[in-house]
Structures are given as C-alpha cells and as structure tokens.
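Trainee: Next up is a structure, given as structure tokens.
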Amino acid sequence: MSRLPPQARLAVVAVAVLLVLGGGIYVLFLGDGGDEPVTQAGSRFGSDDEGGRGGTLIDTLAPVLSARAESRRTGSDPAPPSADELARAPGDAVAGLFVIGFRGKLRDTSFFERLGARPYGGVLLTRANYEQPQQLSGLTSKIQQVAREAGNPAPIVAAQQEGGDFSAFPNLEPLAQVDVGEGNRDQIRASARRTAEQLKALGVAMNLAPNADIAVAGGPGQGRAFGDDAEQVTSAIKTTVAAYNRVGVAAAVGPFPGTGAASQDPNAGPAPVGLGIDELRAGDMAPFAAVASGRNAAPAVQMSNAIYVAFDGVTPATISPDAVKELRERLGFEGTIVSADLVATTATTGGSVGAAAVEALKAGVDLLIVPGGRAQQDEAYRDVVAAVRSGEIPAERIVDALRRIAKLRALTRDAREPVRIE
C-alpha cells in the first residue's frame with residue numbers, strides 16, 4: 001500500500017472500513033452460527049410501507065418496553081397487550097404465539113441467543129435434544145434463565161411423551177398408552193400421574209398427549225391409542241387428563257377431531273378421513289367431548305393435520321375454521337387450541353409454513369407449533385407479523401390467543417422450574 005498514491009490509499013482504507021462495518025451488521029442481525037441468514041421481521045417499526053401504521057420507533061416499542069419493565073419488577077408475566085398496542089407493535093406479541101424447536105443437546109447452542117432476543121411463547125423439546133435426564137434438566141433451566149435475563153415471559157416448555165415409541169424422552173420409560181389401555185382406571189391414573197410428575201421435575205410444563213384416537217385396524221392409532229372402542233378411549237382420556245391436572249402439567253389432548261380412521265399418519269402427507277360428521281361426532285370426537293368442559297377439562301387441545309370429508313375434504317383440520325368451530329362452539333372448549341406441526345402441514349397444503357401459520361390463526365388456533373429450522377420459524381413469524389400489520393389477521397384475534405396462552409402459562413407456573421437431578 002505504501003507504493004500507492006495518497007488518494008488510492010484513502011480509497012482502500014475506506015473500502016476496508018465498509019467491509020468491517022458490513023460484516024458486523026451481518027453478524028449482529030443476519031448471522032447465526034452456520035445457519036442460513038434471514039431477514040429480520042418487523043424491522044420497519046410501523047412505517048407506512050407494507051401496510052404499516054406509522055409512528056416513531058419510541059412509540060412502537062413503548063408497550064413492549066413497559067411490559068418487560070413490569071415483568072422484571074414483579075417477576076410475573078406481563079398482561080397481554082391491548083388491540084391498539086398490538087397493532088402498533090406486533091413483533092413481541094406475535095412471538096408469544098409460537099412454540100419452536102431446535103437441534104442440539106448443549107446449553108451453549110446459538111438457539112439461546114435467539115430465544116433471548118425474541119420472546120417466544122414456548123420451546124418444544126424432542127429426541128434431538130435428549131440424552132439423559134440430567135442433561136435435559138440443564139436445558140430446561142437454561143431456557144428459563146435466558147427468558148428471565150431478557151425480561152421475557154417464561155416460555156412454556158413442551159414435549160410429546162405418550163410412552164413407548166411415541167416419547168421424546170425414552171429413558172424415562174413411561175408406559176405406552178396401548179400398554180395401560182386394557183388395564184383398569186387405577187392403572188391408567190397411576191401411569192399418567194407418574195409421567196406428569198417426571199415431566200414436571202424436568203421442567204416440562206405441557207405434554208402434547210394423551211393421544212385420543214380410536215385404534216382402527218391399519219390406521220395411525222393402531223399400536224398407539226388406548227383402545228379400539230370409543231367408550232374405552234373416552235374413559236382413559238378422562239382419567240389421564242384428571243391426573244395431569246392434579247400434578248400441574250398441561251395435557252394437550254389430540255389430535256382433534258381424531259385421526260384413527262385416517263388413511264395414513266397425517267404428518268407424513270395427505271391423510272383423508274372419510275367419516276361423515278355424525279360418525280365423527282359419535283366416535284372419534286367422543287373422547288374430546290368428555291374433556292372439553294367441566295371440572296376436569298383439558299387445558300389444551302392439539303389439532304390434527306388430517307383432512308376430513310365431514311368438513312371440506314381438502315383443508316387440514318389445523319387450518320380449518322370449521323374444525324375449530326366444532327371444538328369451540330359445539331363442544332364448548334374454552335382452553336388453548338394448539339396447532340399441529342405446521343411444517344408437516346405443508347406436506348398436505350403444498351404451501352409455505354408462513355402461510356400455514358397465518359391460516360391457523362385465522363381459523364382460531366392460539367398456539368403455533370413450528371419445530372423446523374430457523375429459516376422456517378423466521379418465515380412463519382415474519383408472515384404473521386405482516387398479516388397483523390396489514391389487517392389480514394385482526395389484532396383482536398391475536399389478543400384473544402394471547403389471553404388463552406396466558407391462562408395456560410399460569411396453570412403450569414410450578415412446572416417451569418426443573419428439579420435438580422443428581
């Protein structure tokens with residue numbers, strides 16, 4: 001460089017400075033370890049572009065900053081925002097609708113940086129996160145620690161722990177539903193209570209179980225459901241949910257309105273259910289009806305990815321307004337409606353996970369399960385934020401979902417702090 005004329009040397013220095021600044025911006029806002037870069041959602045802060053509502057940066061962030069400050073002061077979860085507050089600043093509120101997963105078993109994964117930066121409603125743990133109970137307890141502790149340090153509401157840690165092959169944590173060895181399904185009510189109650197207590201000790205507050213399917217020969221419920229008789233399954237579901245309620249772990253009964261008669265596992269691809277509405281109500285929906293309301297109602301119900309002739313025959317239940325209406329209005333369910341795996345939903349719709357998330361919310365689902373990679377999670381978050389900004393999803397719909405999620409979070413408060421396992 002010493003041989004270059006002064007003006008050329010200045011130009012080289014200027015280019016170097018720009019490269020350094022550009023690299024820093026990438027690391028801060030786009031990079032995440034080796035994960036593919038994504039565009040930040042909601043970075044316009046309510047500008048008039050793309051359906052924004054205007055307002056300064058301070059105006060936009062004021063409700064969020066106020067809620068976080070109150071959370072730090074009291075140690076409690078902030079109340080859901082009003083519709084007006086949410087319309088001005090949908091970002092953090094929208095994040096609270098998502099339960100997301102990640103790969104890895106270590107507490108230093110880059111996922112935790114994202115969890116601190118964006119107040120997601122929950123974290124889904126799977127076999128990809130698990131080796132031993134001691135390690136799992138450390139992960140759930142880290143999840144809550146990151147949220148506290150960021151001033152965010154405590155995420156709901158969720159898992160699917162039915163027992164047997166359908167368990168996120170096989171080393172815990174809970175009895176499979178099919179193994180206790182032929183037993184008496186006391187055996188079912190004891191098995192459910194033990195599983196709930198194990199999950200609570202590990203800091204898992206919501207189980208995406210029990211499975212309420214009827215075991216039809218050759219169907220998805222065979223070898224998985226409590227039994228092949230609707231009355232038998234209904235009794236087992238009532239007993240299981242009551243046991244979970246007593247322990248203080250949320251049972252998300254699913255998949256509604258039942259996939260026992262589906263042609264295949266709905267998470268593997270299009271899975272039609274050919275039952276008419278009367279058949280569906282008399283059989284597959286009976287276990288759900290038994291825990292939809294009343295003293296021992298389930299706090300959450302998870303939707304199915306199957307498609308139903310009883311509705312329109314083409315739309316997965318998790319994004320079907322008719323299926324959600326059946327649960328809310330006919331069965332009277334007032335708890336939290338949880339989506340199916342929205343990444344798996346796209347195998348049937350052929351669309352994007354972002355479109356599935358938007359449609360699920362419009363249908364009336366409250367809590368969105370997106371276990372995929374960062375790119376899929378950011379796409380879903382970005383598309384929902386855009387839909388709220390444009391008015392495609394009314395702010396009141398988001399506030400309603402957040403209120404239901406807040407009730408679910410309150411019910412599971414004691415299950416958020418894992419017991420140290422030696």
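Here, A, B, ... name the chains of the structure tokens in the order displayed, residue numbers run from 1 inside each chain, and ligands are numbered from 1 in the same displayed order.
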Excluding Val353 in chain A and residues on its chain fewer than 2 positions from it, collect all residues at most 12 Å away from it, counting only C-alpha atoms, and give them as number ranges by chain.
Mentor: A: 319, 340-351, 355-360, 368-384
Trainee: Can you tell me, as a PyMOL selection string, what residues are no more than 6 Å from range 206-219 of chain A when counting only C-alpha atoms, ignoring any on the same chain fewer than 2 positions away?
Mentor: chain A and resi 158-160+162+204+221-222+225+227-228+249-254+258-261
Trainee: Which value, in Å to one decimal, gives the distance between CA of Ala298 in chain A and CA of Val388 in chain A?
Mentor: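 So the two atoms, CA of Ala298 in chain A and CA of Val388 in chain A, lie 29.1 Å apart.
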Trainee: Write out as a ChimeraX atom specification the residues lying within 10 Å of Val365 in chain A, counting only C-alpha atoms and excluding same-chain residues fewer than 2 positions away.
Mentor: /A:97,301-303,318-321,324,336-340,357-363,367-368,397-398,401
